[in-house]
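J.: Pasting in a structure now, in structure tokens, and then I'll have a few things to ask.
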Amino acid sequence: MATMCDDHDGVPELVSDSDQEYDKEDEENEWNDDDSEEEMNMLTGNVICLFCPVVESSVDLLLAHCNKQHNFNIIDNCRKWSTDCISYIKMINYIRKMQPSSDDVLRCLSSHKPPWLSDDFMAPTEPTDLMLQMDIEWAISHYTGSQQTLSQGDKSGGAACENQFSDSEAIHALIDRVKKAEEQRDLLRAELDRALEDINKLRISGQNLLTESSDKVNRVPNGISLEEEDGYFASYSHHDIHMTMLKDTVRTESYRDFMFKNPHLFEDKLVLDVGCGTGILSMFAVKAGAKHVVAVDQSNIIYQAMDIARENNVHESITFVKGKLEDVDLPIKKFDVIISEWMGYFLLFEAMFDSVLWARDRYLKVDGCVYPDVFSMLIVGVSDKDLYNSKIAFWDDVYGFKMSCMKSSVTDEVHVRLVKEETMITEPAVIKKIDVMKCSVSDLNFSSEFNLHVNSDSELTALVGYFDTQFDAGCHNKISFSTGPQATPTHWEQAVMLLPTPIAVKKGSSLEGKIVYRKHPNDDRGIVINLSIGKLKLKYTLS
């Protein structure tokens, strides 16, 4: 064959149709395999840092900058907290709009309800933001450790990327591939939804088989699917949030001590546990002598609670019911005691208290009681210059530029964080007392005037909200705890309302104010706070 080719210069080698198809298929496979990597290489152009004004020439360089300068490894953190594409987009848009610090973002990632869950953060603040074009799920699966590999890839392929970026045909081809990928994603998501529904049906069937073998029936309503759990209840399906609450010794030991030190309230009594979670309060009640406990929870954690009860041999004394309390049919119609750990940030955030009051009115016996039964909501003035400077004063001089318009997004939000006791400069003031046995849902929207007695010459930078809890009615041994800055820290921390401008105060003086506390009109579980102090009129949200 070689001799024939040499003798016929210019005559092409014979290639079969099957060979051509094979070569074409190889090219397509190579293209498809490299699609995601090429897309990463296309992400060049000016991109502003998430946490400072630095501008890098590509997403890769920006990732390396965030890792080095802000100790924030975006890909590693998204991998750690199982962040999908939608959550990633919302997180980036939230950071762009709200301008939190990297530490704040890390705290949000570890919380059960990051503040960017709202669909409001699907809209980009800058439509051409290259950070929104990064496929985070692909990046998570292809990069480990630091962004060093990405940075090296950016340097080696920078010139080629610039040429590709300027090539309009390549851009259009990339857009077409993205559209096809999105269509395929939607199909896969539909298949996943169907698979989850089938899995859930199997889980329910299996649970029914297990519970039917017992002398009692643990009710699991038919037809409840994973899709029906909203983001709030879905967040309580994860073990991390329950570990956080169980490790909160102030919270958990207070409930335990209340029951173990007041067994006369539980001996031979019927108990309803609203929002049972892992079932720890139900098991405390059984150990305190309860005749039977009905434990209700809407999240999937209730399946683990059933296993925990069996593991501790108390399952025959507890009936677990999965579903929303207002919708399920309980096997017992009246209870001697209702227990619940329903409290949220600044007490009423999450609005679970509504369900507790509904249970009180429907299921509690005439001589029964709900525990804990007495709450106080308080505010206190603090002077925390470090916090004020990091959140508000920062915008007065950003590399020689004023950005004061950014302050409003900071002062509009209630910041949940631990406050140091030494920053308190006033005596606390009670703004609301709640008797669970007497109050109604309408009482949870309230207004209150307050007076803060100043303890030192200082500058007031924020007002801080918290709550105290009491187990009181009928107790031989009363138990209480506080979530204030002066007490042992709890997972509730404190609700910080920063002032746009510090207020100079003198020792011995008083600060008069008014607070109006309302449920958020667009978020069933959020709150809106209108605050007047001196000449300032401020509005805060916690959602």
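Ordering of the structure tokens sets the chain letters (A, B, ...), residue numbers begin anew at 1 in every chain, and ligands are numbered from 1 in the order given.
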Within 12 Å of stretch 105-109 of chain A, counting only C-alpha atoms, which residues show up once you throw out same-chain ones fewer than 5 positions away? Write them as a ChimeraX atom specification, please.
T.: /A:50-51,70-74,76-83,87-88,91-92,94-96,98-100,114-117,240,415-418
J.: What's the 12 Å shell around stretch 129-134 of chain A, counting only C-alpha atoms, without same-chain residues fewer than 2 positions away, as a PyMOL selection string?
T.: chain A and resi 36-50+55-63+74-75+84-96+121-127+136-140+174-175+178
J.: My list of candidates is A:Ile479, A:Val314, A:Ala181, A:Leu348. Which is closest to A:Leu542 when distances are computed with only C-alpha atoms?
T.: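 Smallest distance to A:Leu542 is found for A:Leu348.
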J.: For A:Leu378, which residue out of A:Asn445, A:Thr469, A:Ser509, A:Thr461 is the nearest one, using only C-alpha atoms?
T.: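 Going through A:Asn445, A:Thr469, A:Ser509, A:Thr461 one by one, the smallest distance to A:Leu378 is for A:Thr469.
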J.: Write out as a ChimeraX atom specification each polymer residue whose atoms come within 12 Å of A:Val398, counting only C-alpha atoms; drop sequence neighbours fewer than 5 positions from it.
T.: /A:51-54,390,392-393,403-404,406
J.: Create the file for the chosen residues now, containing all heavy atoms and written as a CSV table (one decimal), in the first residue's frame.
T.:
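The resulting part.csv:
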chain,number,residue,atom,x,y,z
A,51,PHE,N,-16.5,40.4,48.3
A,51,PHE,CA,-16.4,41.0,49.6
A,51,PHE,C,-15.6,42.3,49.7
A,51,PHE,O,-15.4,42.9,50.8
A,51,PHE,CB,-15.8,39.9,50.6
A,51,PHE,CG,-16.5,38.6,50.6
A,51,PHE,CD1,-15.9,37.5,50.0
A,51,PHE,CD2,-17.8,38.5,51.2
A,51,PHE,CE1,-16.6,36.3,50.0
A,51,PHE,CE2,-18.4,37.3,51.2
A,51,PHE,CZ,-17.9,36.2,50.6
A,52,CYS,N,-15.0,42.7,48.6
A,52,CYS,CA,-14.2,43.9,48.6
A,52,CYS,C,-14.2,44.5,47.1
A,52,CYS,O,-14.7,43.8,46.2
A,52,CYS,CB,-12.8,43.7,49.1
A,52,CYS,SG,-11.7,42.8,47.9
A,53,PRO,N,-13.7,45.7,46.9
A,53,PRO,CA,-13.8,46.3,45.5
A,53,PRO,C,-12.8,45.7,44.5
A,53,PRO,O,-12.8,46.2,43.4
A,53,PRO,CB,-13.5,47.8,45.8
A,53,PRO,CG,-13.8,48.0,47.3
A,53,PRO,CD,-13.4,46.7,47.9
A,54,VAL,N,-12.0,44.8,44.9
A,54,VAL,CA,-11.0,44.3,44.0
A,54,VAL,C,-11.6,43.7,42.7
A,54,VAL,O,-12.7,43.0,42.8
A,54,VAL,CB,-10.1,43.2,44.7
A,54,VAL,CG1,-9.3,42.4,43.6
A,54,VAL,CG2,-9.2,43.8,45.7
A,390,SER,N,-17.7,47.6,61.4
A,390,SER,CA,-17.6,46.5,60.3
A,390,SER,C,-18.9,46.5,59.5
A,390,SER,O,-18.8,46.1,58.3
A,390,SER,CB,-17.4,45.2,61.0
A,390,SER,OG,-18.5,44.8,61.8
A,392,ILE,N,-21.5,49.2,59.3
A,392,ILE,CA,-22.0,50.5,58.8
A,392,ILE,C,-21.0,51.5,58.5
A,392,ILE,O,-20.9,52.0,57.4
A,392,ILE,CB,-23.0,51.0,59.9
A,392,ILE,CG1,-24.2,50.0,60.1
A,392,ILE,CG2,-23.5,52.4,59.5
A,392,ILE,CD1,-25.2,50.4,61.1
A,393,ALA,N,-20.1,51.8,59.5
A,393,ALA,CA,-19.1,52.8,59.2
A,393,ALA,C,-18.2,52.5,58.0
A,393,ALA,O,-17.6,53.4,57.4
A,393,ALA,CB,-18.2,53.1,60.5
A,403,MET,N,-19.8,55.3,50.1
A,403,MET,CA,-20.9,54.4,49.6
A,403,MET,C,-22.0,54.3,50.6
A,403,MET,O,-22.5,53.2,51.0
A,403,MET,CB,-20.3,53.0,49.4
A,403,MET,CG,-19.2,52.9,48.3
A,403,MET,SD,-18.7,51.2,47.9
A,403,MET,CE,-17.5,51.5,46.7
A,404,SER,N,-22.4,55.5,51.1
A,404,SER,CA,-23.4,55.5,52.2
A,404,SER,C,-24.7,54.9,51.9
A,404,SER,O,-25.5,54.5,52.8
A,404,SER,CB,-23.5,57.0,52.7
A,404,SER,OG,-24.0,57.8,51.6
A,406,MET,N,-25.3,52.2,50.7
A,406,MET,CA,-25.3,50.8,51.1
A,406,MET,C,-25.7,50.5,52.5
A,406,MET,O,-26.0,49.4,52.9
A,406,MET,CB,-23.9,50.2,50.9
A,406,MET,CG,-23.3,50.3,49.4
A,406,MET,SD,-24.3,49.3,48.3
A,406,MET,CE,-24.0,47.7,48.9
J.: With only C-alpha atoms as the basis for distance, which of A:Phe471, A:Met377, A:Leu187, A:His264 is at the shortest distance from A:Tyr345?
T.: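 Once distances to A:Tyr345 are computed over only C-alpha atoms, the minimum belongs to A:Met377.
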J.: Do you know which residues are at most 8 Å from A:Trp342 counting only C-alpha atoms, after dropping those on the same chain fewer than 2 positions away, and could you put them as an MDAnalysis selection string?
T.: chainID A and resid 274:275 340 344 352:353 356
J.: Could you turn the residues from that selection into a file that holds N, CA, C and O atoms, as a PDB file, in the first residue's frame?
T.:
ATOM      1  N   VAL A 274     -45.596  18.991  70.636  1.00  0.00           N
ATOM      2  CA  VAL A 274     -45.804  19.697  69.372  1.00  0.00           C
ATOM      3  C   VAL A 274     -44.453  20.048  68.759  1.00  0.00           C
ATOM      4  O   VAL A 274     -43.669  20.787  69.347  1.00  0.00           O
ATOM      5  N   GLY A 275     -44.190  19.519  67.554  1.00  0.00           N
ATOM      6  CA  GLY A 275     -42.899  19.742  66.909  1.00  0.00           C
ATOM      7  C   GLY A 275     -41.826  18.930  67.596  1.00  0.00           C
ATOM      8  O   GLY A 275     -40.836  19.468  68.090  1.00  0.00           O
ATOM      9  N   SER A 340     -43.694  21.829  74.193  1.00  0.00           N
ATOM     10  CA  SER A 340     -43.175  22.195  72.875  1.00  0.00           C
ATOM     11  C   SER A 340     -41.978  23.113  73.048  1.00  0.00           C
ATOM     12  O   SER A 340     -41.961  23.966  73.930  1.00  0.00           O
ATOM     13  N   GLY A 344     -38.437  30.862  68.497  1.00  0.00           N
ATOM     14  CA  GLY A 344     -37.531  31.244  67.422  1.00  0.00           C
ATOM     15  C   GLY A 344     -36.693  32.441  67.829  1.00  0.00           C
ATOM     16  O   GLY A 344     -36.733  32.895  68.973  1.00  0.00           O
ATOM     17  N   MET A 352     -44.108  29.336  64.872  1.00  0.00           N
ATOM     18  CA  MET A 352     -44.595  28.027  65.298  1.00  0.00           C
ATOM     19  C   MET A 352     -45.524  28.144  66.503  1.00  0.00           C
ATOM     20  O   MET A 352     -46.308  27.237  66.793  1.00  0.00           O
ATOM     21  N   PHE A 353     -45.451  29.281  67.200  1.00  0.00           N
ATOM     22  CA  PHE A 353     -46.299  29.477  68.381  1.00  0.00           C
ATOM     23  C   PHE A 353     -47.784  29.414  68.014  1.00  0.00           C
ATOM     24  O   PHE A 353     -48.608  29.022  68.828  1.00  0.00           O
ATOM     25  N   VAL A 356     -48.957  25.975  68.518  1.00  0.00           N
ATOM     26  CA  VAL A 356     -49.064  25.621  69.935  1.00  0.00           C
ATOM     27  C   VAL A 356     -50.382  26.142  70.508  1.00  0.00           C
ATOM     28  O   VAL A 356     -51.086  25.428  71.244  1.00  0.00           O
TER      29      VAL A 356
END
J.: Considering only C-alpha atoms, state which residue in the set A:Val271, A:Met343, A:Leu192, A:Ile318 is at the smallest distance from A:Arg525.
T.: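 Checking each candidate against A:Arg525, we get A:Met343 as the closest.
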J.: Counting only C-alpha atoms, what is within 12 Å of A:Val528, bar same-chain residues fewer than 6 positions away, as a CSV table (one decimal) with all heavy atoms, in the first residue's frame?
T.:
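Written output follows (part04.csv):
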chain,number,residue,atom,x,y,z
A,346,PHE,N,-35.6,36.0,68.7
A,346,PHE,CA,-36.4,37.1,69.3
A,346,PHE,C,-37.8,36.5,69.6
A,346,PHE,O,-38.8,37.2,69.4
A,346,PHE,CB,-36.4,38.3,68.4
A,346,PHE,CG,-36.7,39.6,69.1
A,346,PHE,CD1,-36.7,40.8,68.5
A,346,PHE,CD2,-36.9,39.6,70.5
A,346,PHE,CE1,-37.0,42.0,69.1
A,346,PHE,CE2,-37.1,40.8,71.2
A,346,PHE,CZ,-37.2,42.0,70.5
A,348,LEU,N,-40.5,35.1,68.6
A,348,LEU,CA,-41.6,34.8,67.7
A,348,LEU,C,-41.3,34.5,66.3
A,348,LEU,O,-42.2,34.2,65.5
A,348,LEU,CB,-42.7,35.9,67.8
A,348,LEU,CG,-43.3,36.2,69.2
A,348,LEU,CD1,-44.2,37.3,69.2
A,348,LEU,CD2,-43.9,34.9,69.8
A,349,PHE,N,-40.0,34.7,65.9
A,349,PHE,CA,-39.6,34.4,64.5
A,349,PHE,C,-39.9,32.9,64.3
A,349,PHE,O,-39.5,32.0,65.1
A,349,PHE,CB,-38.2,34.7,64.3
A,349,PHE,CG,-37.7,34.3,62.9
A,349,PHE,CD1,-38.1,34.8,61.8
A,349,PHE,CD2,-36.8,33.2,62.8
A,349,PHE,CE1,-37.7,34.4,60.5
A,349,PHE,CE2,-36.3,32.8,61.6
A,349,PHE,CZ,-36.8,33.4,60.4
A,412,ASP,N,-31.6,47.8,57.7
A,412,ASP,CA,-33.0,47.3,57.6
A,412,ASP,C,-33.1,45.9,58.1
A,412,ASP,O,-34.3,45.4,58.3
A,412,ASP,CB,-33.4,47.3,56.1
A,412,ASP,CG,-33.6,48.7,55.6
A,412,ASP,OD1,-33.7,49.6,56.4
A,412,ASP,OD2,-33.7,48.9,54.3
A,413,GLU,N,-32.0,45.2,58.4
A,413,GLU,CA,-32.1,43.8,58.7
A,413,GLU,C,-31.8,43.6,60.2
A,413,GLU,O,-30.9,44.2,60.8
A,413,GLU,CB,-31.1,43.0,57.9
A,413,GLU,CG,-31.0,41.6,58.1
A,413,GLU,CD,-30.0,40.9,57.3
A,413,GLU,OE1,-29.4,41.5,56.4
A,413,GLU,OE2,-29.7,39.7,57.5
A,414,VAL,N,-32.5,42.6,60.8
A,414,VAL,CA,-32.1,42.2,62.2
A,414,VAL,C,-31.0,41.2,62.0
A,414,VAL,O,-31.1,40.2,61.3
A,414,VAL,CB,-33.3,41.6,62.9
A,414,VAL,CG1,-32.9,41.0,64.2
A,414,VAL,CG2,-34.5,42.6,63.0
A,444,LEU,N,-49.8,38.5,69.4
A,444,LEU,CA,-48.4,38.4,69.0
A,444,LEU,C,-48.0,39.5,68.1
A,444,LEU,O,-46.9,39.7,67.7
A,444,LEU,CB,-48.2,37.0,68.3
A,444,LEU,CG,-48.6,35.8,69.1
A,444,LEU,CD1,-48.3,34.5,68.4
A,444,LEU,CD2,-48.0,35.8,70.5
A,445,ASN,N,-49.0,40.3,67.6
A,445,ASN,CA,-48.8,41.6,67.0
A,445,ASN,C,-49.0,42.6,68.0
A,445,ASN,O,-50.1,42.8,68.6
A,445,ASN,CB,-49.7,41.8,65.8
A,445,ASN,CG,-49.4,40.9,64.6
A,445,ASN,OD1,-48.2,40.6,64.4
A,445,ASN,ND2,-50.4,40.5,63.9
A,446,PHE,N,-48.0,43.4,68.4
A,446,PHE,CA,-48.1,44.3,69.5
A,446,PHE,C,-47.3,45.5,69.4
A,446,PHE,O,-46.3,45.6,68.5
A,446,PHE,CB,-47.8,43.6,70.8
A,446,PHE,CG,-46.4,43.2,70.9
A,446,PHE,CD1,-45.4,44.0,71.5
A,446,PHE,CD2,-45.9,41.9,70.5
A,446,PHE,CE1,-44.1,43.6,71.6
A,446,PHE,CE2,-44.6,41.5,70.6
A,446,PHE,CZ,-43.7,42.4,71.1
A,447,SER,N,-47.6,46.5,70.1
A,447,SER,CA,-46.7,47.7,70.2
A,447,SER,C,-46.5,48.0,71.7
A,447,SER,O,-47.3,47.7,72.6
A,447,SER,CB,-47.3,48.9,69.6
A,447,SER,OG,-48.5,49.3,70.2
A,497,MET,N,-30.4,45.0,66.3
A,497,MET,CA,-30.9,46.1,65.5
A,497,MET,C,-30.0,47.3,65.5
A,497,MET,O,-30.0,48.1,66.4
A,497,MET,CB,-32.3,46.5,65.9
A,497,MET,CG,-33.3,45.3,65.8
A,497,MET,SD,-34.9,45.6,66.7
A,497,MET,CE,-34.3,45.1,68.4
A,515,ILE,N,-41.7,50.3,70.3
A,515,ILE,CA,-41.4,49.2,69.4
A,515,ILE,C,-42.8,48.7,68.9
A,515,ILE,O,-43.7,48.5,69.7
A,515,ILE,CB,-40.6,48.1,70.0
A,515,ILE,CG1,-40.2,47.0,68.9
A,515,ILE,CG2,-41.2,47.5,71.2
A,515,ILE,CD1,-39.2,46.1,69.4
A,516,VAL,N,-42.9,48.5,67.6
A,516,VAL,CA,-44.1,47.9,67.0
A,516,VAL,C,-43.7,46.6,66.4
A,516,VAL,O,-42.8,46.6,65.5
A,516,VAL,CB,-44.8,48.8,66.0
A,516,VAL,CG1,-46.0,48.1,65.4
A,516,VAL,CG2,-45.2,50.1,66.7
A,517,TYR,N,-44.2,45.5,66.8
A,517,TYR,CA,-43.8,44.1,66.4
A,517,TYR,C,-44.9,43.5,65.7
A,517,TYR,O,-46.0,43.3,66.2
A,517,TYR,CB,-43.5,43.3,67.7
A,517,TYR,CG,-42.7,42.1,67.6
A,517,TYR,CD1,-41.3,42.0,67.9
A,517,TYR,CD2,-43.3,40.9,67.2
A,517,TYR,CE1,-40.6,40.9,67.9
A,517,TYR,CE2,-42.5,39.7,67.1
A,517,TYR,CZ,-41.2,39.7,67.4
A,517,TYR,OH,-40.5,38.6,67.4
A,518,ARG,N,-44.7,43.1,64.4
A,518,ARG,CA,-45.7,42.6,63.5
A,518,ARG,C,-45.2,41.4,62.7
A,518,ARG,O,-44.0,41.3,62.5
A,518,ARG,CB,-46.2,43.6,62.5
A,518,ARG,CG,-46.9,44.8,63.1
A,518,ARG,CD,-48.3,44.5,63.5
A,518,ARG,NE,-49.0,45.7,63.9
A,518,ARG,CZ,-49.1,46.1,65.2
A,518,ARG,NH1,-48.5,45.4,66.1
A,518,ARG,NH2,-49.8,47.1,65.5
A,519,LYS,N,-46.1,40.5,62.3
A,519,LYS,CA,-45.7,39.4,61.4
A,519,LYS,C,-45.5,40.0,60.0
A,519,LYS,O,-46.1,41.0,59.6
A,519,LYS,CB,-46.9,38.4,61.3
A,519,LYS,CG,-47.1,37.6,62.6
A,519,LYS,CD,-48.1,36.5,62.3
A,519,LYS,CE,-48.2,35.6,63.5
A,519,LYS,NZ,-49.2,34.5,63.3
A,520,HIS,N,-44.5,39.4,59.3
A,520,HIS,CA,-44.1,39.9,58.0
A,520,HIS,C,-45.3,39.7,57.0
A,520,HIS,O,-45.8,38.6,57.0
A,520,HIS,CB,-42.9,39.2,57.5
A,520,HIS,CG,-42.2,39.9,56.4
A,520,HIS,ND1,-42.7,40.0,55.2
A,520,HIS,CD2,-41.0,40.5,56.3
A,520,HIS,CE1,-41.9,40.7,54.4
A,520,HIS,NE2,-40.8,41.0,55.1
A,521,PRO,N,-45.7,40.7,56.3
A,521,PRO,CA,-46.9,40.5,55.4
A,521,PRO,C,-46.6,39.5,54.2
A,521,PRO,O,-47.5,38.9,53.7
A,521,PRO,CB,-47.1,41.9,54.8
A,521,PRO,CG,-45.8,42.6,55.0
A,521,PRO,CD,-45.2,42.1,56.2
A,522,ASN,N,-45.3,39.3,53.9
A,522,ASN,CA,-45.0,38.5,52.7
A,522,ASN,C,-44.2,37.2,53.1
A,522,ASN,O,-43.8,36.5,52.3
A,522,ASN,CB,-44.2,39.2,51.7
A,522,ASN,CG,-44.9,40.5,51.2
A,522,ASN,OD1,-46.1,40.4,50.9
A,522,ASN,ND2,-44.2,41.6,51.0
A,538,LEU,N,-37.1,53.8,62.8
A,538,LEU,CA,-36.4,52.8,62.0
A,538,LEU,C,-37.3,51.6,61.8
A,538,LEU,O,-38.3,51.3,62.5
A,538,LEU,CB,-35.2,52.3,62.8
A,538,LEU,CG,-34.2,53.4,63.2
A,538,LEU,CD1,-33.2,52.9,64.2
A,538,LEU,CD2,-33.5,54.0,61.9
A,539,LYS,N,-37.0,50.8,60.7
A,539,LYS,CA,-37.8,49.6,60.4
A,539,LYS,C,-36.8,48.5,60.1
A,539,LYS,O,-35.8,48.6,59.4
A,539,LYS,CB,-38.6,49.8,59.2
A,539,LYS,CG,-39.5,48.6,58.8
A,539,LYS,CD,-40.4,49.0,57.6
A,539,LYS,CE,-41.2,47.8,57.2
A,539,LYS,NZ,-42.1,48.1,56.0
A,540,TYR,N,-37.1,47.3,60.7
A,540,TYR,CA,-36.2,46.1,60.6
A,540,TYR,C,-37.0,44.9,60.2
A,540,TYR,O,-38.2,44.8,60.5
A,540,TYR,CB,-35.5,45.8,61.9
A,540,TYR,CG,-34.6,47.0,62.5
A,540,TYR,CD1,-35.2,47.9,63.3
A,540,TYR,CD2,-33.3,47.1,62.1
A,540,TYR,CE1,-34.4,48.9,63.9
A,540,TYR,CE2,-32.5,48.1,62.6
A,540,TYR,CZ,-33.1,49.0,63.5
A,540,TYR,OH,-32.3,50.1,64.0
A,541,THR,N,-36.4,44.0,59.5
A,541,THR,CA,-37.1,42.7,59.2
A,541,THR,C,-36.2,41.6,59.6
A,541,THR,O,-35.0,41.7,59.6
A,541,THR,CB,-37.3,42.6,57.7
A,541,THR,OG1,-36.1,42.7,57.0
A,541,THR,CG2,-38.2,43.7,57.2
A,542,LEU,N,-36.9,40.5,60.0
A,542,LEU,CA,-36.2,39.2,60.3
A,542,LEU,C,-36.9,38.2,59.6
A,542,LEU,O,-38.1,37.8,59.9
A,542,LEU,CB,-36.2,39.0,61.8
A,542,LEU,CG,-35.6,37.7,62.3
A,542,LEU,CD1,-34.1,37.6,61.9
A,542,LEU,CD2,-35.7,37.6,63.8
A,543,SER,N,-36.3,37.6,58.5
A,543,SER,CA,-37.0,36.7,57.7
A,543,SER,C,-36.0,35.6,57.1
A,543,SER,O,-34.8,35.7,57.4
A,543,SER,CB,-37.7,37.3,56.5
A,543,SER,OG,-36.8,38.0,55.7
J.: Which residue, A:Cys66, A:Gln298, A:Ile338, A:Thr319, has the smallest gap to A:Ser101 when you use only C-alpha atoms?
T.: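 Closest to A:Ser101, using only C-alpha atoms: A:Cys66.
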J.: Check stretch 269-467 of chain A with DSSP on the backbone and list each residue it calls alpha helix (DSSP H), as a ChimeraX atom specification.
T.: /A:280-287,301-311,353-363,385-391,407-411
J.: What is the atom CA of A:Gly534-atom CA of A:Leu463 distance in Å, reported with one decimal?
T.: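 Between these atoms lies a distance of 12.8 Å.
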J.: Report, in Å with one decimal, the straight-line distance from atom CA of A:Cys439 to atom CA of A:Pro331.
T.: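 Computing it gives 26.7 Å between the two atoms.
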J.: Using only C-alpha atoms, which protein or nucleic acid residues come within 7 Å of A:Val505? Drop anything in the same chain fewer than 4 positions from it, and give the result as a ChimeraX atom specification.
T.: /A:457-460
J.: Fewer than 2 positions away in the same chain doesn't count, so skip those; otherwise give me all residues within 12 Å of A:Asp327, counting only C-alpha atoms, as number ranges by chain.
T.: A: 221, 224, 296-298, 321-325, 329-330, 355, 358-359
J.: Just to be explicit: take each residue in the selection above, keep N, CA, C and O atoms, and write the result as a tab-separated table (two decimals), in the first residue's frame.
T.:
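Full text of part-v8.tsv as output:
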chain	number	residue	atom	x	y	z
A	221	PRO	N	-49.69	9.89	57.96
A	221	PRO	CA	-50.73	10.16	56.97
A	221	PRO	C	-50.28	9.77	55.58
A	221	PRO	O	-49.17	10.03	55.16
A	224	ILE	N	-48.49	12.08	51.87
A	224	ILE	CA	-47.55	13.17	52.15
A	224	ILE	C	-46.25	12.90	51.39
A	224	ILE	O	-45.64	11.85	51.55
A	296	VAL	N	-45.87	14.93	67.49
A	296	VAL	CA	-46.24	15.37	66.15
A	296	VAL	C	-45.11	16.19	65.54
A	296	VAL	O	-44.54	17.06	66.19
A	297	ASP	N	-44.81	15.91	64.27
A	297	ASP	CA	-43.84	16.73	63.54
A	297	ASP	C	-44.10	16.58	62.06
A	297	ASP	O	-44.46	15.49	61.59
A	298	GLN	N	-43.94	17.67	61.32
A	298	GLN	CA	-44.19	17.64	59.88
A	298	GLN	C	-42.96	17.26	59.08
A	298	GLN	O	-43.06	16.85	57.94
A	321	VAL	N	-46.87	10.96	65.05
A	321	VAL	CA	-47.80	11.36	63.98
A	321	VAL	C	-47.08	12.35	63.07
A	321	VAL	O	-46.65	13.41	63.52
A	322	LYS	N	-46.93	11.98	61.79
A	322	LYS	CA	-46.26	12.88	60.84
A	322	LYS	C	-47.29	13.73	60.12
A	322	LYS	O	-48.27	13.22	59.59
A	323	GLY	N	-47.04	15.02	60.08
A	323	GLY	CA	-47.92	15.93	59.37
A	323	GLY	C	-48.08	17.24	60.09
A	323	GLY	O	-47.59	17.43	61.21
A	324	LYS	N	-48.76	18.16	59.45
A	324	LYS	CA	-49.04	19.45	60.06
A	324	LYS	C	-50.10	19.26	61.13
A	324	LYS	O	-51.14	18.65	60.89
A	325	LEU	N	-49.85	19.79	62.32
A	325	LEU	CA	-50.73	19.56	63.46
A	325	LEU	C	-52.17	19.92	63.13
A	325	LEU	O	-53.10	19.20	63.52
A	329	ASP	N	-55.15	13.83	62.24
A	329	ASP	CA	-56.14	13.33	63.19
A	329	ASP	C	-55.39	12.58	64.29
A	329	ASP	O	-54.77	11.55	64.03
A	330	LEU	N	-55.42	13.10	65.50
A	330	LEU	CA	-54.67	12.49	66.60
A	330	LEU	C	-55.46	11.34	67.22
A	330	LEU	O	-56.70	11.40	67.32
A	355	SER	N	-49.24	27.32	66.10
A	355	SER	CA	-49.66	25.91	66.18
A	355	SER	C	-49.82	25.46	67.63
A	355	SER	O	-50.70	24.67	67.95
A	358	TRP	N	-53.07	26.78	68.81
A	358	TRP	CA	-54.14	26.00	68.18
A	358	TRP	C	-54.31	24.67	68.91
A	358	TRP	O	-55.44	24.23	69.17
A	359	ALA	N	-53.20	24.02	69.27
A	359	ALA	CA	-53.26	22.75	70.01
A	359	ALA	C	-53.87	22.98	71.40
A	359	ALA	O	-54.66	22.15	71.88
J.: Report as a count of residues only: the residues of stretch 285-333 of chain A with a DSSP assignment of strand (DSSP E), based on the backbone of this structure.
T.: 11
